[in-house]
Each structure stands twice: as structure tokens, then as C-alpha cells.
file data15.txt (compact mmCIF, C-alpha atoms and all ligand atoms)
# COMPACT_ATOMS: atom_id res chain seq x y z
CA MET A 1257 -44.18 41.21 -45.79
CA LEU A 1258 -44.76 39.27 -48.99
CA PHE A 1259 -48.48 38.99 -48.51
CA LYS A 1260 -49.24 41.82 -50.94
CA ASP A 1261 -47.61 39.78 -53.72
CA ILE A 1262 -49.40 36.53 -52.96
CA GLU A 1263 -52.39 37.15 -55.20
CA SER A 1264 -50.08 37.38 -58.20
CA LEU A 1265 -48.83 33.87 -57.48
CA ARG A 1266 -52.31 32.41 -57.89
CA PHE A 1267 -52.32 29.97 -60.80
CA GLY A 1268 -53.95 31.84 -63.71
CA TYR A 1269 -55.99 28.80 -64.68
CA GLU A 1270 -57.51 28.76 -61.19
CA SER A 1271 -58.59 32.42 -61.55
CA ASN A 1272 -60.13 31.70 -64.97
CA LEU A 1273 -62.08 28.72 -63.66
CA LEU A 1274 -63.36 30.77 -60.72
CA ARG A 1275 -64.65 33.43 -63.12
CA ILE A 1276 -66.40 30.84 -65.30
CA ILE A 1277 -67.97 29.10 -62.29
CA ALA A 1278 -69.20 32.43 -60.86
CA ALA A 1279 -70.72 33.32 -64.25
CA GLN A 1280 -72.47 29.94 -64.55
CA LEU A 1281 -73.83 29.91 -61.01
CA GLY A 1282 -74.63 33.63 -60.96
CA SER A 1283 -76.38 34.73 -57.79
CA GLU A 1284 -76.43 31.13 -56.59
CA PHE A 1285 -72.65 31.12 -56.32
CA PRO A 1286 -72.50 30.25 -52.66
CA ARG A 1287 -69.51 31.80 -51.07
CA MET A 1288 -69.67 30.64 -47.51
CA GLY A 1289 -71.45 33.16 -45.29
CA HIS A 1290 -69.62 34.90 -42.46
CA ASP A 1291 -71.66 33.20 -39.72
CA LYS A 1292 -71.37 29.72 -41.17
CA ALA A 1293 -67.63 30.01 -41.71
CA LYS A 1294 -67.10 31.32 -38.17
CA HIS A 1295 -69.23 28.52 -36.78
CA LEU A 1296 -67.27 25.89 -38.75
CA LEU A 1297 -63.95 27.36 -37.65
CA ASP A 1298 -65.04 27.35 -33.99
CA ALA A 1299 -66.39 23.78 -34.22
CA ARG A 1300 -63.21 22.60 -35.86
CA ARG A 1301 -61.06 24.27 -33.23
CA LYS A 1302 -63.06 22.59 -30.48
CA ALA A 1303 -62.57 19.22 -32.21
CA LEU A 1304 -58.83 19.82 -32.62
CA LEU A 1305 -58.39 20.86 -28.98
CA GLY A 1306 -60.29 17.72 -28.02
CA ASP A 1307 -58.84 15.12 -30.36
CA ALA A 1308 -55.48 16.38 -31.64
CA VAL A 1309 -52.31 17.69 -29.98
CA ARG A 1310 -51.33 21.34 -30.26
CA VAL A 1311 -47.77 21.87 -31.50
CA THR A 1312 -46.07 24.49 -29.34
CA ALA A 1313 -42.49 25.78 -29.06
CA TYR A 1314 -42.28 23.90 -25.77
CA LEU A 1315 -43.43 20.54 -27.16
CA LEU A 1316 -41.67 20.51 -30.56
CA PRO A 1317 -39.35 23.52 -30.87
CA ASP A 1318 -37.99 22.65 -34.35
CA VAL A 1319 -41.36 22.00 -35.92
CA HIS A 1320 -42.87 25.05 -34.28
CA GLU A 1321 -40.02 27.22 -35.49
CA ALA A 1322 -40.46 25.93 -39.07
CA TYR A 1323 -44.19 26.70 -38.89
CA CYS A 1324 -43.64 30.20 -37.49
CA SER A 1325 -41.01 30.96 -40.12
CA CYS A 1326 -43.66 30.34 -42.81
CA LEU A 1327 -46.08 32.69 -41.06
CA ASP A 1328 -43.29 35.30 -40.90
CA ILE A 1329 -42.51 35.00 -44.60
CA LEU A 1330 -46.16 35.48 -45.55
CA GLY A 1331 -46.92 38.20 -43.01
CA GLY A 1332 -50.29 39.85 -43.54
CA GLY A 1333 -51.61 39.11 -40.04
CA LEU A 1334 -52.36 35.42 -40.60
CA LYS A 1335 -53.32 33.92 -37.26
CA GLY A 1336 -53.56 30.21 -36.70
CA GLU A 1337 -52.20 27.32 -34.70
CA LEU A 1338 -50.75 23.97 -35.68
CA PHE A 1339 -52.13 20.65 -34.47
CA VAL A 1340 -50.89 17.09 -35.00
CA GLN A 1341 -52.92 13.90 -35.09
CA GLN A 1342 -51.79 10.28 -35.25
CA SER A 1343 -51.95 8.92 -38.78
CA LYS A 1344 -49.67 6.95 -41.06
CA GLU A 1345 -50.95 8.88 -44.09
CA TYR A 1346 -48.96 11.80 -45.44
CA ASN A 1347 -51.64 14.44 -45.20
CA ALA A 1348 -52.45 17.87 -43.81
CA ASN A 1349 -55.44 20.18 -44.05
CA VAL A 1350 -56.65 23.60 -43.07
CA PHE A 1351 -59.89 25.46 -42.66
CA ALA A 1352 -59.85 29.25 -42.63
CA HIS A 1353 -62.22 32.10 -41.95
CA GLY A 1354 -60.57 35.30 -43.12
CA LYS A 1355 -57.12 35.38 -41.61
CA LYS A 1356 -57.98 32.97 -38.80
CA PHE A 1357 -57.40 29.26 -39.26
CA ASP A 1358 -55.97 26.07 -37.78
CA VAL A 1359 -53.66 23.66 -39.58
CA LEU A 1360 -53.84 19.93 -38.87
CA ILE A 1361 -50.90 17.76 -39.83
CA HIS A 1362 -50.65 13.98 -39.64
CA SER A 1363 -47.93 12.54 -37.41
CA ALA A 1364 -46.30 10.56 -40.27
CA LEU A 1365 -45.24 13.87 -41.84
CA LEU A 1366 -43.60 15.08 -38.62
CA ASN A 1367 -41.81 11.73 -38.24
CA ASP A 1368 -40.58 11.36 -41.82
CA PHE A 1369 -40.13 14.88 -43.25
CA ASN A 1370 -37.21 17.11 -42.34
CA ARG A 1371 -37.68 20.69 -41.22
CA GLU A 1372 -37.26 22.17 -44.70
CA GLU A 1373 -39.73 19.71 -46.25
CA LEU A 1374 -42.20 20.55 -43.50
CA ARG A 1375 -41.89 24.21 -44.50
CA PHE A 1376 -43.17 23.22 -47.93
CA VAL A 1377 -46.12 21.38 -46.35
CA PHE A 1378 -46.94 24.28 -44.00
CA GLY A 1379 -46.55 26.79 -46.83
CA HIS A 1380 -48.91 24.76 -49.02
CA GLU A 1381 -51.60 24.80 -46.31
CA LEU A 1382 -51.05 28.52 -45.65
CA GLY A 1383 -51.39 29.02 -49.41
CA HIS A 1384 -54.94 27.67 -49.17
CA VAL A 1385 -55.53 30.27 -46.43
CA ALA A 1386 -53.94 33.16 -48.34
CA PHE A 1387 -55.95 32.36 -51.49
CA GLU A 1388 -59.13 31.95 -49.42
CA HIS A 1389 -59.83 28.50 -50.81
CA SER A 1390 -62.09 27.77 -47.82
CA ARG A 1391 -64.50 30.50 -48.86
CA PHE A 1392 -66.54 27.95 -50.66
CA SER A 1393 -66.52 24.20 -50.60
CA VAL A 1394 -67.03 22.05 -53.67
CA HIS A 1395 -68.83 19.52 -51.51
CA ASP A 1396 -71.30 22.15 -50.21
CA ILE A 1397 -71.98 23.59 -53.65
CA LEU A 1398 -72.66 20.15 -55.10
CA SER A 1399 -74.91 19.11 -52.22
CA GLU A 1400 -76.72 22.41 -51.61
CA THR A 1401 -77.22 23.92 -55.06
CA LYS A 1402 -80.27 22.48 -56.75
CA GLY A 1403 -80.02 21.26 -60.33
CA ILE A 1404 -76.33 21.87 -60.77
CA SER A 1405 -75.27 20.88 -64.28
CA PRO A 1406 -72.65 18.17 -64.90
CA ASP A 1407 -70.65 20.85 -66.70
CA THR A 1408 -70.55 23.10 -63.62
CA ALA A 1409 -69.75 20.11 -61.37
CA ASN A 1410 -66.87 19.27 -63.69
CA LEU A 1411 -65.63 22.87 -63.51
CA LEU A 1412 -65.65 22.70 -59.72
CA PHE A 1413 -63.44 19.62 -59.71
CA ARG A 1414 -61.13 21.29 -62.18
CA TRP A 1415 -60.94 24.36 -59.95
CA SER A 1416 -60.20 22.19 -56.93
CA ARG A 1417 -57.28 20.57 -58.75
CA ALA A 1418 -55.97 23.91 -60.04
CA SER A 1419 -56.08 25.34 -56.51
CA GLU A 1420 -53.45 22.76 -55.48
CA VAL A 1421 -51.01 24.28 -57.99
CA SER A 1422 -51.57 27.74 -56.44
CA ALA A 1423 -51.02 26.35 -52.93
CA ASP A 1424 -47.82 24.54 -53.99
CA ARG A 1425 -46.37 27.88 -55.08
CA VAL A 1426 -46.74 29.27 -51.56
CA GLY A 1427 -45.17 26.03 -50.29
CA LEU A 1428 -42.14 26.72 -52.47
CA LEU A 1429 -42.11 30.35 -51.38
CA CYS A 1430 -41.90 29.19 -47.76
CA CYS A 1431 -39.26 26.45 -48.15
CA GLY A 1432 -37.22 28.50 -50.65
CA LYS A 1433 -35.72 25.64 -52.67
CA LEU A 1434 -37.10 23.64 -55.58
CA THR A 1435 -35.26 20.47 -54.51
CA THR A 1436 -36.89 20.62 -51.08
CA ALA A 1437 -40.36 21.09 -52.55
CA VAL A 1438 -39.80 18.28 -55.04
CA THR A 1439 -38.55 15.88 -52.36
CA ALA A 1440 -41.66 16.64 -50.30
CA LEU A 1441 -43.89 15.87 -53.32
CA PHE A 1442 -41.88 12.74 -54.10
CA LYS A 1443 -42.13 11.42 -50.55
CA THR A 1444 -45.86 12.14 -50.48
CA ALA A 1445 -46.41 10.33 -53.80
CA SER A 1446 -44.11 7.37 -53.27
CA GLY A 1447 -43.75 6.94 -49.52
CA LEU A 1448 -40.00 6.54 -50.14
CA SER A 1449 -37.17 8.32 -48.33
CA ASP A 1450 -33.44 8.75 -48.93
CA ILE A 1451 -33.55 8.69 -52.72
CA ASP A 1452 -30.85 10.63 -54.54
CA MET A 1453 -32.04 14.06 -55.76
CA ASP A 1454 -30.93 13.55 -59.36
CA ARG A 1455 -32.87 10.31 -59.55
CA ILE A 1456 -35.97 12.02 -58.18
CA LEU A 1457 -35.76 14.92 -60.65
CA ARG A 1458 -35.12 12.69 -63.65
CA SER A 1459 -37.87 10.27 -62.70
CA PHE A 1460 -40.40 13.06 -62.25
CA ARG A 1461 -39.40 14.67 -65.57
CA ARG A 1462 -39.71 11.42 -67.50
CA GLN A 1463 -42.96 10.53 -65.86
CA TYR A 1464 -44.35 13.97 -66.71
CA GLU A 1465 -43.31 13.53 -70.36
CA ASP A 1466 -44.94 10.12 -70.55
CA LEU A 1467 -48.07 11.42 -68.86
CA GLU A 1468 -48.22 14.29 -71.34
CA ILE A 1469 -47.98 11.86 -74.29
CA GLN A 1470 -50.60 9.64 -72.72
CA ILE A 1471 -52.94 12.62 -72.27
CA ARG A 1472 -52.38 14.22 -75.68
CA GLU A 1473 -52.05 11.21 -77.90
CA VAL A 1474 -53.92 8.35 -76.36
CA SER A 1475 -57.60 9.05 -76.62
CA SER A 1476 -58.66 6.44 -74.12
CA ASP A 1477 -60.82 7.03 -71.10
CA LEU A 1478 -58.76 9.20 -68.76
CA SER A 1479 -61.34 9.48 -66.03
CA TRP A 1480 -58.74 8.10 -63.60
CA VAL A 1481 -56.86 11.39 -63.92
CA ARG A 1482 -59.79 13.22 -62.44
CA THR A 1483 -59.19 12.11 -58.90
CA HIS A 1484 -55.53 11.31 -59.27
CA PRO A 1485 -53.27 13.68 -57.34
CA MET A 1486 -51.33 14.34 -60.55
CA MET A 1487 -47.96 14.54 -58.85
CA PRO A 1488 -45.95 14.79 -62.11
CA ILE A 1489 -48.03 17.83 -63.13
CA ARG A 1490 -47.60 19.46 -59.74
CA PHE A 1491 -43.88 18.75 -60.07
CA LYS A 1492 -43.72 20.32 -63.54
CA ALA A 1493 -45.67 23.38 -62.39
CA LEU A 1494 -43.18 23.88 -59.55
CA GLU A 1495 -40.14 23.29 -61.73
CA LEU A 1496 -41.27 25.89 -64.26
CA ALA A 1497 -42.11 28.50 -61.63
CA ALA A 1498 -39.18 27.86 -59.29
CA LEU A 1499 -36.70 30.48 -60.49
CA ASP A 1500 -39.27 33.26 -60.28
CA ILE A 1501 -40.63 32.19 -56.90
CA VAL A 1502 -37.16 31.91 -55.37
CA ALA A 1503 -36.35 35.37 -56.81
CA LEU A 1504 -39.53 36.74 -55.25
CA ARG A 1505 -38.57 35.23 -51.90
CA GLY A 1506 -35.10 36.79 -52.08
CA GLN A 1507 -36.64 40.06 -53.29
CA SER A 1508 -33.86 40.17 -55.86
CA GLY A 1509 -36.02 42.10 -58.29
CA SER A 1510 -35.56 39.49 -61.01
CA PHE A 1511 -39.10 38.18 -60.67
CA SER A 1512 -40.86 38.36 -64.01
CA TRP A 1513 -44.68 38.56 -64.05
CA LYS A 1514 -44.72 38.24 -67.81
CA GLY A 1515 -42.71 35.01 -67.72
CA PHE A 1516 -44.87 33.81 -64.90
CA ARG A 1517 -48.11 34.13 -66.88
CA ALA A 1518 -46.47 32.20 -69.74
CA ILE A 1519 -45.74 29.39 -67.27
CA ASP A 1520 -49.38 29.50 -66.19
CA ARG A 1521 -50.47 28.97 -69.77
CA GLN A 1522 -48.17 25.99 -70.22
CA ILE A 1523 -49.53 24.20 -67.16
CA ALA A 1524 -53.11 25.25 -67.94
CA ASP A 1525 -52.70 23.65 -71.39
CA ILE A 1526 -51.92 20.25 -69.97
CA LEU A 1527 -54.76 20.44 -67.44
CA GLU A 1528 -57.16 21.53 -70.17
CA ALA A 1529 -56.03 18.58 -72.27
CA ILE A 1530 -56.96 16.28 -69.37
CA ASP A 1531 -60.25 18.08 -68.84
CA ALA A 1532 -61.12 17.75 -72.51
CA THR A 1533 -60.86 13.99 -72.30
CA VAL A 1534 -62.97 13.36 -69.21
ZN ZN B 1601 -53.80 21.30 -50.78

call {"tool": "encode", "arguments": {"input": "data15.txt", "output": "C-alpha cells", "more": "lines below"}}
Ligand SMILES: [Zn+2]
result
Amino acid sequence: MLFKDIESLRFGYESNLLRIIAAQLGSEFPRMGHDKAKHLLDARRKALLGDAVRVTAYLLPDVHEAYCSCLDILGGGLKGELFVQQSKEYNANVFAHGKKFDVLIHSALLNDFNREELRFVFGHELGHVAFEHSRFSVHDILSETKGISPDTANLLFRWSRASEVSADRVGLLCCGKLTTAVTALFKTASGLSDIDMDRILRSFRRQYEDLEIQIREVSSDLSWVRTHPMMPIRFKALELAALDIVALRGQSGSFSWKGFRAIDRQIADILEAIDATV
């Protein structure tokens, strides 16, 4: 139902980086071929059926219902199953070929996240599907493209980070509440549960402000930011976009594309400031 609007949710900075990367790599820009992607999807499915456990309505009705509700919200004929694998790490991943995919979630998330928070996690993974982030892999481009410049490699990492902001927006679209999305991010970053919402929001806001000062004013080596998950920035990006995304979900008509692009610029600014220092 909402699928037609999804592209507009893509983080503007991600779209810009994609354009620059395509221009730099030209005809070498290796979007994954149809056959290879299908092969990878099939191989992954075989591995999941062999090594993970499929989440069905019979096995875990609540979790399955939360997952299906995200698929319903997005619509657009997305077709994929959910698998769980034992792991204490809060992590999930997806590989897609067109509208077909499988989501793998680690058991710690199912044990420690409530149904609403899981909707954010599922929505985030489905966001990667909707935005076709599997159509090329940074790893493949770096390993298969000869003579790739450090500048292009840097752009690819920047794109990969920016794509997380796009996926988070679909996570919020699916769970429908900023506080739920923020709690999910907080739990993932800290490993802590049962912390008061006000404390979480204030802590994230302050940490974002301090991070911004650190990035803009302290001209030290910030290469650590490159691989850091940047939770405070993901938090800020969600906080700024929340009203519009919740309006879009409720189809209240108060969604503002113009305001949304202004939010994009604000978050792009901070990421560019990081990128300028590495
Ligand atoms: Zn992600």
C-alpha cells in the first residue's frame, strides 16, 4: 500500500552518493547480475533451511504476526521468510533479489526485544530490500574492480553508512512510534533494558550534541567514526524525521516532502563533516 512512497523516504545523501559512485565507476559500476543474485539468494536459502530455524505462525505466533504486519504495511508484493539463529549479538541481516528475500534474525533480539521493537528491526531489514541495497555489495566492488581509487572506496563506505539511515526510516514506518524505534536503537547500542524513556531520549540528545562538537571542532583523527555504528546520528536522523514518517504511516496528509528534504540536508551535513575528517 505504501510501497509507492518508499523511494521518497530514501535518505537524500544516499541518493547523491550513489550518483557520484556511478559517475566515478562508469561502465564498471557492478550492479549484481540477475544470475549471480539469484544464485546467492538460493544458496543463502539453502543455508538458512539447513542451519537456522524458520519462524512460522505455528512456532512463534507473536513474532510472526509482527513480521507479517511489516510486510502488510509495505505491500508491493515483497516475498520473504524469517529465520532465527542462536546468537547473543543483537543483529539481523537480509539478502534480496528483486522482491524475493530472506531475513535472518539473531535469537538475542527475539528474547530481549518486545513485539513493537521487533517491528522496527524487521522494518529496517525490509527497508534494505525496498531500497534494493543488495543490488551491489561494497565488498564485491572493492574485491572485484581493478584499480579502484581510495576516493571511490571511501565513497562506498560513506554510501553504506548512509543506507542505514534510509533503512531506519522504514523501521520507523513499520513500528509507527519514535519512542519504540529509539528504544530499539538504544538497546542495540548499550545492551541495556528497562531504562526510562526520558533518560534514553535525553542521553541520546546530549551524546549527539557532544559528538557534533567533537566532529566539527576537534580536528583530531576521527577514523574511528568510519566503522562506528554512529548510533547518536541514527537517533538524530530518526528524531528529525519522526513526525513526517508517522504522518505518512497514518496517511493523515500532513507529510511534507519539502520539510523532509531539509531534514536530509541537516543529517547529510553532519555525515559530510565526518567524511571530511577521515
Ligand atoms: Zn542495516

call {"tool": "closest_residue", "arguments": {"input": "data15.txt", "among": "A:Ile1451, A:Ile1523, A:Leu1374, A:Ile1501", "to": "Asp1261 in chain A", "atoms": "only C-alpha atoms"}}
result
A:Ile1501

call {"tool": "residues_near_ligand", "arguments": {"input": "data15.txt", "ligand": "ligand ZN 1601 (chain B)", "cutoff": "9 Å", "atoms": "all atoms listed in the file", "output": "compact mmCIF listing (two decimals) with C-alpha atoms, in the frame of the given file"}}
result
# COMPACT_ATOMS: atom_id res chain seq x y z
CA ALA A 1348 -52.45 17.87 -43.81
CA ASN A 1349 -55.44 20.18 -44.05
CA VAL A 1350 -56.65 23.60 -43.07
CA VAL A 1377 -46.12 21.38 -46.35
CA HIS A 1380 -48.91 24.76 -49.02
CA GLU A 1381 -51.60 24.80 -46.31
CA GLY A 1383 -51.39 29.02 -49.41
CA HIS A 1384 -54.94 27.67 -49.17
CA SER A 1416 -60.20 22.19 -56.93
CA ARG A 1417 -57.28 20.57 -58.75
CA SER A 1419 -56.08 25.34 -56.51
CA GLU A 1420 -53.45 22.76 -55.48
CA VAL A 1421 -51.01 24.28 -57.99
CA SER A 1422 -51.57 27.74 -56.44
CA ALA A 1423 -51.02 26.35 -52.93
CA ASP A 1424 -47.82 24.54 -53.99

call {"tool": "atom_distance", "arguments": {"input": "data15.txt", "atom1": "CA of Arg1462 in chain A", "atom2": "CA of Tyr1269 in chain A"}}
result
24.0 Å

call {"tool": "closest_residue", "arguments": {"input": "data15.txt", "among": "A:Ile1530, A:Asp1454, A:Lys1433, A:Ala1445", "to": "Val1502 in chain A", "atoms": "only C-alpha atoms"}}
result
A:Lys1433

call {"tool": "residues_around", "arguments": {"input": "data15.txt", "residues": "Leu1382 in chain A", "least_positions_apart": "2", "cutoff": "9 Å", "atoms": "only C-alpha atoms", "output": "PyMOL selection string"}}
result
chain A and resi 1326-1327+1330+1334+1350+1359+1377-1380+1384-1387+1423+1426-1427

call {"tool": "write_last_selection", "arguments": {"input": "data15.txt", "atoms": "C-alpha atoms", "output": "mmCIF file, keeping the file's coordinate frame"}}
result
data_model
loop_
_atom_site.group_PDB
_atom_site.id
_atom_site.type_symbol
_atom_site.label_atom_id
_atom_site.label_comp_id
_atom_site.auth_asym_id
_atom_site.auth_seq_id
_atom_site.Cartn_x
_atom_site.Cartn_y
_atom_site.Cartn_z
ATOM 1 C CA CYS A 1326 -43.660 30.340 -42.810
ATOM 2 C CA LEU A 1327 -46.080 32.690 -41.060
ATOM 3 C CA LEU A 1330 -46.160 35.480 -45.550
ATOM 4 C CA LEU A 1334 -52.360 35.420 -40.600
ATOM 5 C CA VAL A 1350 -56.650 23.600 -43.070
ATOM 6 C CA VAL A 1359 -53.660 23.660 -39.580
ATOM 7 C CA VAL A 1377 -46.120 21.380 -46.350
ATOM 8 C CA PHE A 1378 -46.940 24.280 -44.000
ATOM 9 C CA GLY A 1379 -46.550 26.790 -46.830
ATOM 10 C CA HIS A 1380 -48.910 24.760 -49.020
ATOM 11 C CA HIS A 1384 -54.940 27.670 -49.170
ATOM 12 C CA VAL A 1385 -55.530 30.270 -46.430
ATOM 13 C CA ALA A 1386 -53.940 33.160 -48.340
ATOM 14 C CA PHE A 1387 -55.950 32.360 -51.490
ATOM 15 C CA ALA A 1423 -51.020 26.350 -52.930
ATOM 16 C CA VAL A 1426 -46.740 29.270 -51.560
ATOM 17 C CA GLY A 1427 -45.170 26.030 -50.290
#

call {"tool": "atom_distance", "arguments": {"input": "data15.txt", "atom1": "CA of Gly1432 in chain A", "atom2": "CA of Asp1328 in chain A"}}
result
13.3 Å

call {"tool": "atom_distance", "arguments": {"input": "data15.txt", "atom1": "CA of Met1486 in chain A", "atom2": "CA of Ala1498 in chain A"}}
result
18.2 Å

call {"tool": "closest_residue", "arguments": {"input": "data15.txt", "among": "A:Leu1338, A:Leu1457, A:Ile1329, A:Ala1497", "to": "Phe1357 in chain A", "atoms": "all atoms listed in the file"}}
result
A:Leu1338
